[in-house]
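Everything below concerns the one structure shown next.
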Amino acid sequence: MLRTFCAWLILCLGLSGCAFNSVFVNYPSQIASYKQQLSSETPTANITDLADNISGNDGLLYAQESGRIMQIAGDFTRSKTYYQQAIDAYQVFDDKATVSASKLGAGASSILLNDNAIPYRGPGYERIMLHQYQALNYLFSGDAQGALVEVRRSNELQSMEQARYQQSQQSVQDMANGTINSQMAQLSKDAGSVTSSFLNAYSYYTTGLLHELASEPNDAFIDYRKAAQITPDNVFLQQDLVRLAKQLGMPQYDEFKRRWGDAVLPTPEQGQVVFIVERDFVPEKQSITVPFPINGNLQSASLATYQAQRQLVNNSQIQGLGAPLTAQTIANIDALAINALKEDLPAALFRQAARVYAKYQMNRSVQSSGQGGNNPIDAGAIVMQLFNVITEQADRRSWLTLPRQAQIARQFIDAGNYNIRLNNSQSVKIEVKPQRSTLIWVIETGNRTRFYSIII
């Protein structure tokens with residue numbers, strides 16, 4: 001039996017290839033050094049090491065991370081290339097008509113190993129943000145039409161992910177577990193008012209902004225309104241809706257004016273500045289031990305969760321435009337991540353229960369085969385126990401270079417050159433032209449703040 005077990009394990013690993021990057025080494029520890037580098041002058045120093053893994057089991061995730069690191073560093077061309085690899089990988093998941101031997105191997109291995117053996121397919125919010133970020137790559141590379149293609153795809157995905165979730169969601173109550181119930185309550189508390197992972201006000205705002213910059217105000221109004229339904233207290237969103245409703249002569253204008261005041265419009269000598277501010281990193285998943293009773297015995301398994309996080313309550317202060325301008329939160333990406341984990345919990349519980357039962361049965365089989373022998377220590381049982389300990393790893397994979405929070409601000413000001421800074425950052429020079437828009441993308445990573453601006 002021991003030989004059979006070892007042969008089966010080798011077969012599983014062989015079928016799945018050498019790309020089990022997260023099966024034995026948790027993903028957050030793999031990406032930690034790359035996140036640290038984003039606070040340095042050379043954030044892409046060892047990007048090749050990360051990109052070399054794009055062909056592996058976690059390839060889609062490594063492509064997203066590589067694209068994001070290059071984007072933060074300001075290399076939008078290389079970022080586009082990595083993001084496109086991730087987009088292509090998602091398309092492969094969508095076109096699962098052909099099942100290869102490698103996919104079969106990964107599925108079989110995940111039954112006995114852990115969920116990290118399953119090829120990574122990011123949750124919906126990651127895929128939506130992938131297209132949003134690809135749109136910004138195109139925009140900052142001077143391709144406005146390419147940007148519009150990506151934001152339209154981002155909008156489509158928000159609707160698709162909502163439909164997919166509603167069709168696939170199962171009841172967690174069928175697998176009641178005290179540990180899981182307490183974790184669900186904690187996750188719900190940490191997510192706050194955000195109730196889903198697939199409705200992202202930041203993505204809707206970005207698509208609306210790009211539509212408006214492309215002189216498509218009707219489409220912009222639709223997306224701004226969707227964003228406002230998710231984040232209704234954002235003053236800048238409210239002002240955008242009032243302004244566009246007035247410009248378009250929409251019947252909602254009187255209602256919006258009553259609720260939020262009249263529209264502020266620029267003079268002919270003014271341009272506008274639009275700020276997108278991204279702060280910090282999304283939190284890492286942690287591991288918890290969950291007990292599963294089988295035939296009167298308690299078996300333990302590992303599942304991913306999020307620990308309670310300190311709140312990011314301070315809005316960013318933008319100096320250098322006259323009176324200080326205070327940005328306001330448009331989305332908490334950490335809340336989207338928490339909800340994505342909650343939404344996946346029923347399927348994760350089912351897989352984990354099946355895995356615990358399979359390991360339990362194999363352990364019994366190994367022990368039974370050793371009975372009657374002269375050796376008081378069953379080598380097979382020892383190997384099996386060690387195998388269970390080593391392979392019991394929660395799936396802690398997620399896109400970790402995403403921001404934790406996104407904020408926005410907008411203001412009409414006189415044309416000219418301005419030295420601006422965010423909070424305690426160094427100042428940077430921007431230009432504002434009459435009747436034009438200056439988009440400033442600010443990315444805070446650790447103790448470093450980067451500014452990218454474009455006049456449209």
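In the structure tokens, each chain is lettered A, B, ... as it comes, each chain's residues begin at 1, and ligands are numbered from 1 in order of appearance.
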
Show me, as a tab-separated table, the residues of stretch 250-333 of chain A having an atom within 12 Å of stretch 197-219 of chain A, each with the closest atom pair and its distance in Å, using only C-alpha atoms.
residue	atom	partner	partner_atom	distance
A:Met250	CA	A:Asn218	CA	10.0
A:Gln272	CA	A:Leu213	CA	11.2
A:Val273	CA	A:Leu213	CA	12.0
A:Val274	CA	A:Leu209	CA	9.1
A:Phe275	CA	A:Leu209	CA	10.9
A:Ile276	CA	A:Thr206	CA	8.9
A:Val277	CA	A:Tyr202	CA	10.6
A:Glu278	CA	A:Tyr202	CA	10.4
A:Gln328	CA	A:Tyr202	CA	11.6
A:Thr329	CA	A:Tyr202	CA	9.1
A:Ile330	CA	A:Tyr202	CA	5.7
A:Ala331	CA	A:Tyr202	CA	5.5
A:Asn332	CA	A:Tyr202	CA	8.7
A:Ile333	CA	A:Asn200	CA	8.4

Surrounding residues of stretch 121-128 of chain A excluding itself and chain neighbours under 2 positions, 9 Å, only C-alpha atoms, as a ChimeraX atom specification: /A:58,60-61,64,86-87,89-90,93,118-119,130-133,153-158,160-162,197-200,203,333,336-337,340-341,344,397-399,402

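Close contacts of A:Lys342, defined as residues with an atom at most 9 Å away when counting only C-alpha atoms, with chain neighbours fewer than 2 positions off set aside, comprise Met184, Leu187, Ser188, Thr305, Ala337, Ile338, Asn339, Ala340, Asp344, Leu345 and Pro346 of chain A.
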
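Between atom CA of A:Arg421 and atom CA of A:Ser66 the interatomic distance comes to 27.6 Å.
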
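Atom pair atom CA of A:Trp441 / atom CA of A:Leu241 has a distance of 21.6 Å (rounded to one decimal).
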
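Counting only C-alpha atoms and comparing A:Ala147, A:Ala323, A:Ala32, A:Ala227, the residue that lies closest to A:Lys80 is A:Ala147.
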
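Distances to A:Thr42 were evaluated for A:Gly74, A:Gly59, A:Gly67, A:Gly142 using only C-alpha atoms, and the minimum falls at A:Gly74.
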
Atomic separation - atom CA of A:Asn315 relative to atom CA of A:Gln411, Å: 16.1 Å
